[in-house]
Amino acid sequence: EASSQLLISDNLISGISEEGIFFEGVSSGGVSDVVENEIVDNTIGTNLQSTIPIGNGGNGIKLERSSGNAIFYNLISGNGFQGSTGAGSGILLNFSLSTGNIIGGNLIGLARNGIDAIGNAGNGISLNAASSNTIGDVFGDGDFNYISGNLGAGITLIQSSNTNTVVGNIIGEGTDGMTTVPNGNSGINIVGSSNNKIGGTNSIESNLIANNSSDGIRIEEFLGTNSLGNEILGNSIYSNVEQGIDLGSDGVTSNDDMDPDTGVHNLQNYPELV
């Protein structure tokens, strides 16, 4: 049954065998019939004090073919260790009708104190074939997502998750601005996805991507689908274990004269300071 314009607020949602919250739409003339719901101020995957995990087995929140939803001010941690489809994420947006969703102001992978890790088993946020969504402080109101302590990547965009905007997130650090809380993979993975915007020219659009266990940002192909045209602008990327930005997940790629080669982002040369 279609669900639209619902408010799910101020709930404790923990210990469920599969997803904590699951919206599934169907196409009605190419448009989702599950739209414009609000998921606000919930605790998903821990006890009420958010000090210990009582994870949902699957994803904390899963939106499948659902558009125009707002996910704000939730704590989403400790999920995804017993789901039927493998390690679950804090939030999963799934399939092509999942568009126009906004995710802001959440703690994903952290305890309520903002410095202790209660990681989700997979990524903090995953987009699978989901395009034109916004992750972060899009309005410049300080509604940062803190995405830290997850066992996978902070954010993964995979399988033609195109034209998404990722701005104003803190990935790999606690809310105190000092505590290192790494994600177990890269800060952001872009896999077979194109024309996404990561950061921007305005300072409020900058993402902080630090301390993660692999690259700051990793960009790869996916089953022959290239990743092209992604904009990475104005971010603070430092102290990650591997590269700041890695094209192709193979470490440093040597520059070449006139940059004629092909591959992920056409293996764009990195800047050289002389």
# chains A, B, ... in the order shown; residues from 1 in each chain; ligands from 1
>>> residues_around(residues="range 127-140 of chain A", least_positions_apart="3", cutoff="6 Å", atoms="only C-alpha atoms", output="list in words")
Leu92, Leu93, Asn94, Phe95, Ser96, Ser98, Thr99, Gly100, Asn101, Ile102, Ile103, Gly104, Asp143, Phe144, Asn145, Leu157, Ile158, Gln159, Ser160, Ser161, Asn162, Thr163, Asn164, Thr165, Val166, Val167, Gly168, Asn169 and Ile204 of chain A
>>> select_by_dssp(residues="range 35-271 of chain A", states="strand (DSSP E)", output="VMD selection string")
chain A and resid 38 to 40 43 to 44 61 to 64 70 to 72 75 to 76 91 to 94 102 to 104 107 to 108 125 to 128 134 to 136 145 to 147 155 to 158 165 to 167 169 to 171 188 to 191 197 to 199 208 to 210 217 to 220 231 to 233 236 to 238 245 to 247
>>> closest_residue(among="A:Asp176, A:Glu220, A:Glu205, A:Asp215", to="Leu233 in chain A", atoms="only C-alpha atoms")
A:Glu205
>>> closest_residue(among="A:Asp33, A:Gly68, A:Ser50, A:Gly78", to="Ile16 in chain A", atoms="only C-alpha atoms")
A:Gly78
>>> closest_residue(among="A:Asn42, A:Asn189, A:Ser126, A:Asn195", to="Asp246 in chain A", atoms="only C-alpha atoms")
A:Asn189
>>> residues_around(residues="Ser206 in chain A", least_positions_apart="6", cutoff="7 Å", atoms="only C-alpha atoms", output="PyMOL selection string")
chain A and resi 167-168+199-200+234-236
>>> write_last_selection(atoms="all heavy atoms", output="tab-separated table (two decimals), in the first residue's frame")
chain	number	residue	atom	x	y	z
A	167	VAL	N	27.26	17.31	0.41
A	167	VAL	CA	27.83	18.56	0.92
A	167	VAL	C	27.67	18.64	2.43
A	167	VAL	O	26.67	18.18	2.99
A	167	VAL	CB	27.18	19.80	0.26
A	167	VAL	CG1	27.49	19.86	-1.23
A	167	VAL	CG2	25.68	19.83	0.48
A	168	GLY	N	28.65	19.24	3.10
A	168	GLY	CA	28.51	19.53	4.52
A	168	GLY	C	28.38	18.31	5.39
A	168	GLY	O	27.56	18.28	6.31
A	199	GLY	N	31.09	18.21	-2.31
A	199	GLY	CA	31.59	19.52	-1.89
A	199	GLY	C	31.16	20.59	-2.86
A	199	GLY	O	30.23	20.43	-3.66
A	200	GLY	N	31.83	21.75	-2.80
A	200	GLY	CA	31.48	22.87	-3.66
A	200	GLY	C	32.40	24.04	-3.44
A	200	GLY	O	33.33	24.00	-2.62
A	234	GLY	N	36.50	21.75	-2.96
A	234	GLY	CA	36.50	22.48	-1.70
A	234	GLY	C	36.39	21.65	-0.45
A	234	GLY	O	35.99	22.15	0.60
A	235	ASN	N	36.77	20.38	-0.51
A	235	ASN	CA	36.68	19.51	0.65
A	235	ASN	C	37.98	19.52	1.46
A	235	ASN	O	39.04	19.83	0.94
A	235	ASN	CB	36.37	18.07	0.21
A	235	ASN	CG	35.09	17.97	-0.59
A	235	ASN	OD1	34.01	18.10	-0.02
A	235	ASN	ND2	35.21	17.77	-1.89
A	236	SER	N	37.87	19.16	2.72
A	236	SER	CA	39.03	18.98	3.58
A	236	SER	C	39.27	17.48	3.72
A	236	SER	O	38.48	16.78	4.37
A	236	SER	CB	38.78	19.62	4.95
A	236	SER	OG	39.90	19.47	5.79
>>> residues_around(residues="Ala117 in chain A", least_positions_apart="6", cutoff="12 Å", atoms="only C-alpha atoms", output="NGL selection string")
:A and (46 or 50-53 or 75-78 or 107-111 or 124 or 146-151 or 172-175 or 179-184)
>>> atom_distance(atom1="CA of Leu97 in chain A", atom2="CA of Ser27 in chain A")
7.6 Å
>>> residues_around(residues="Ile219 in chain A", least_positions_apart="3", cutoff="9 Å", atoms="only C-alpha atoms", output="PyMOL selection string")
chain A and resi 188-193+227+245-249+264-265
>>> closest_residue(among="A:Gly60, A:Gly177, A:Gly83, A:Gly90", to="Gly114 in chain A", atoms="only C-alpha atoms")
A:Gly177
